[in-house]
Structure formats: structure tokens, C-alpha cells
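**Q** Input: one structure, supplied below.
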Amino acid sequence: MAGPAFTPEGYKKLVAAFLAFTVIVGYMTATQPSGAGWRFFSWHPFLMVTGFVGMMGTSAVTKKLGGYSNTKLHGILASLGLMMAFGGLYVIYRNKEIMGKEHITSTHALAGIITMAGALMASLAGGIFLHPDFGFDNHSQR
């Protein structure tokens, strides 16, 4: 089932909303608890929110526009979002190492690892099977 068609103005407003949400919520979560300020750990929530909501959210609505160029832009934005999320994963890994704490000891951490694995698999599947230039299962027309 196809999603709603976006006008260029509607698309721009939606992308602006994604980016504003990302910056505001990313910063708010990065500086918790209140008054903690920005520190090395702050990059973890900021990169996760920016990658998953800002970049991947924008990627999803870009794909809805259809067409060859938007499909390629969708892949680029989604890949950048995944790289940002992996940056957030690195930060939390490194922070645990610095603090001498064990890894993956909470349901939050386990859910994060499962989410990252799922996002990586979706990215690989999209790149291998659906890429508009060389995807194995690509039925799109230029």
C-alpha cells in the first residue's frame, strides 16, 4: 500500500520538523540528569537520536517521494543514520570501558544491540537487493 504523496513544501516542513526534533531532544537527552552538562557519554544519546530519528526518519519520507534520485538519497541518508548510530554504540562501549563496567547488563542494552543488528541487516539487504543501479531484486525503472 502506497503512502501519502508529499508536496515539496510538505516534504520540506516534515524534514525541518525531524531535524528540529532531533536537535532539541538529542540535546535534552544528552545533558541528563539536569545540570550534568555535555560530557563524553552525551554523544551516545545524541548520536542515537540523530541517527535513528533525524537521518533515518528523513530517509523514510524521502523514499516516499519516489524516483531514482530520491531512492539513492534514501539509501545515503539511511546509511549515514546507521553510521551515526554505530558512533553512539562506540561511545557507550568506550564509556563502559573507561568506567570499568560490564557490557550489556540491562534490557536497554540488549534492546539496543538487537536494534542495531536489525538496522544493519535492513541496510545490507537494501544495498544488496534493492539498490537502484545494481540491486539483485530491483524492479524499478529509471
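Naming scheme: A, B, ... for chains in displayed order of the C-alpha cells; residues 1 onward per chain; ligands 1 onward as shown.
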Which residues, written as a CSV table (one decimal) with N, CA and C atoms, in the first residue's frame, have at least one atom at most 10 Å from range 39-50 of chain A, with only C-alpha atoms counted and residues fewer than 3 positions away on the same chain left out?
**A**
chain,number,residue,atom,x,y,z
A,18,PHE,N,11.7,16.9,11.6
A,18,PHE,CA,12.6,15.9,12.0
A,18,PHE,C,13.9,16.4,12.6
A,19,LEU,N,14.4,17.4,11.9
A,19,LEU,CA,15.7,17.9,12.3
A,19,LEU,C,15.6,18.8,13.6
A,21,PHE,N,13.3,18.4,15.9
A,21,PHE,CA,13.1,17.4,17.0
A,21,PHE,C,14.4,16.7,17.4
A,22,THR,N,15.2,16.4,16.4
A,22,THR,CA,16.4,15.7,16.6
A,22,THR,C,17.4,16.5,17.5
A,23,VAL,N,17.5,17.8,17.1
A,23,VAL,CA,18.5,18.6,17.8
A,23,VAL,C,18.0,18.9,19.2
A,24,ILE,N,16.7,19.2,19.4
A,24,ILE,CA,16.2,19.5,20.7
A,24,ILE,C,16.2,18.3,21.6
A,25,VAL,N,15.6,17.2,21.2
A,25,VAL,CA,15.5,16.0,22.0
A,25,VAL,C,16.9,15.4,22.2
A,26,GLY,N,17.7,15.4,21.1
A,26,GLY,CA,19.1,14.9,21.3
A,26,GLY,C,19.9,15.6,22.3
A,27,TYR,N,19.8,17.0,22.3
A,27,TYR,CA,20.5,17.8,23.3
A,27,TYR,C,19.9,17.5,24.7
A,28,MET,N,18.6,17.5,24.8
A,28,MET,CA,18.0,17.3,26.1
A,28,MET,C,18.4,16.0,26.7
A,29,THR,N,18.3,14.9,25.9
A,29,THR,CA,18.7,13.6,26.5
A,29,THR,C,20.2,13.5,26.8
A,30,ALA,N,21.0,14.2,26.0
A,30,ALA,CA,22.5,14.2,26.2
A,30,ALA,C,22.9,14.9,27.4
A,31,THR,N,22.2,15.8,27.9
A,31,THR,CA,22.6,16.6,29.1
A,31,THR,C,21.8,16.2,30.4
A,32,GLN,N,21.3,15.0,30.4
A,32,GLN,CA,20.6,14.5,31.6
A,32,GLN,C,21.6,13.7,32.4
A,36,ALA,N,23.9,18.2,34.3
A,36,ALA,CA,25.1,17.4,34.1
A,36,ALA,C,26.0,18.0,33.1
A,53,VAL,N,16.3,8.9,14.4
A,53,VAL,CA,15.1,9.8,14.1
A,53,VAL,C,15.4,10.8,13.0
A,54,GLY,N,16.5,11.5,13.2
A,54,GLY,CA,16.8,12.6,12.2
A,54,GLY,C,17.1,12.1,10.8
A,55,MET,N,18.1,11.2,10.7
A,55,MET,CA,18.6,10.7,9.4
A,55,MET,C,17.7,9.6,8.8
A,56,MET,N,17.4,8.6,9.6
A,56,MET,CA,16.5,7.5,9.1
A,56,MET,C,15.1,8.0,8.9
A,57,GLY,N,14.6,8.9,9.7
A,57,GLY,CA,13.2,9.4,9.6
A,57,GLY,C,13.1,10.2,8.3
A,80,LEU,N,23.9,7.0,6.5
A,80,LEU,CA,24.5,8.0,7.4
A,80,LEU,C,23.9,7.9,8.8
A,81,GLY,N,22.6,7.6,8.8
A,81,GLY,CA,21.9,7.4,10.1
A,81,GLY,C,22.5,6.2,10.8
A,82,LEU,N,22.7,5.1,10.1
A,82,LEU,CA,23.3,3.9,10.7
A,82,LEU,C,24.7,4.2,11.2
A,83,MET,N,25.5,4.9,10.4
A,83,MET,CA,26.9,5.2,10.9
A,83,MET,C,26.8,6.1,12.1
A,84,MET,N,25.9,7.0,12.2
A,84,MET,CA,25.8,7.8,13.4
A,84,MET,C,25.4,6.9,14.6
A,85,ALA,N,24.5,6.0,14.4
A,85,ALA,CA,24.0,5.1,15.5
A,85,ALA,C,25.2,4.2,15.9
A,86,PHE,N,26.0,3.7,15.0
A,86,PHE,CA,27.2,3.0,15.3
A,86,PHE,C,28.2,3.9,16.1
A,87,GLY,N,28.2,5.1,15.8
A,87,GLY,CA,29.1,6.1,16.6
A,87,GLY,C,28.6,6.1,18.0
A,88,GLY,N,27.2,6.2,18.2
A,88,GLY,CA,26.6,6.1,19.5
A,88,GLY,C,26.9,4.9,20.3
A,89,LEU,N,26.9,3.7,19.5
A,89,LEU,CA,27.3,2.4,20.1
A,89,LEU,C,28.7,2.4,20.6
A,90,TYR,N,29.6,3.0,19.8
A,90,TYR,CA,31.0,3.1,20.1
A,90,TYR,C,31.2,3.9,21.4
A,91,VAL,N,30.5,5.0,21.5
A,91,VAL,CA,30.6,5.9,22.7
A,91,VAL,C,30.2,5.1,23.9
A,92,ILE,N,29.1,4.4,23.9
A,92,ILE,CA,28.7,3.7,25.1
A,92,ILE,C,29.6,2.6,25.4
A,93,TYR,N,30.1,1.9,24.4
A,93,TYR,CA,31.1,0.8,24.6
A,93,TYR,C,32.4,1.4,25.3
A,94,ARG,N,32.9,2.5,24.7
A,94,ARG,CA,34.1,3.1,25.2
A,94,ARG,C,33.9,3.7,26.6
A,95,ASN,N,32.7,4.3,26.9
A,95,ASN,CA,32.4,4.8,28.2
A,95,ASN,C,32.4,3.7,29.2
A,96,LYS,N,31.8,2.6,28.9
A,96,LYS,CA,31.8,1.4,29.9
A,96,LYS,C,33.3,1.0,30.1
A,112,GLY,N,19.1,-2.4,22.6
A,112,GLY,CA,20.0,-1.6,21.7
A,112,GLY,C,20.8,-2.5,20.8
**Q** Nearest residue to Ala119 in chain A out of A:Ala17, A:Ala60, A:Ala78, A:Leu73, using only C-alpha atoms?
**A**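 Of A:Ala17, A:Ala60, A:Ala78, A:Leu73, the one nearest Ala119 in chain A is A:Ala78, counting only C-alpha atoms.
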**Q** From a backbone DSSP assignment, name each residue in range 9-84 of chain A labelled helix (DSSP H, G or I), as a PyMOL selection string.
**A** chain A and resi 9-30+40-64+68-84
**Q** Name the closest residue to Ile76 in chain A among the candidates A:Gly127, A:Ser34, A:Ala109, A:Ala122; distances are taken between atoms, counting only C-alpha atoms.
**A**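 When distances to Ile76 in chain A are compared using only C-alpha atoms, the smallest one comes from A:Gly127.
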**Q** CA of Thr62 in chain A to CA of Asp133 in chain A: how many Å, to one decimal?
**A** 17.8 Å
**Q** Tell me, in Å to one decimal, how far CA of Ala5 in chain A is from CA of Leu65 in chain A.
**A**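 Result for CA of Ala5 in chain A versus CA of Leu65 in chain A: 6.8 Å, one decimal.
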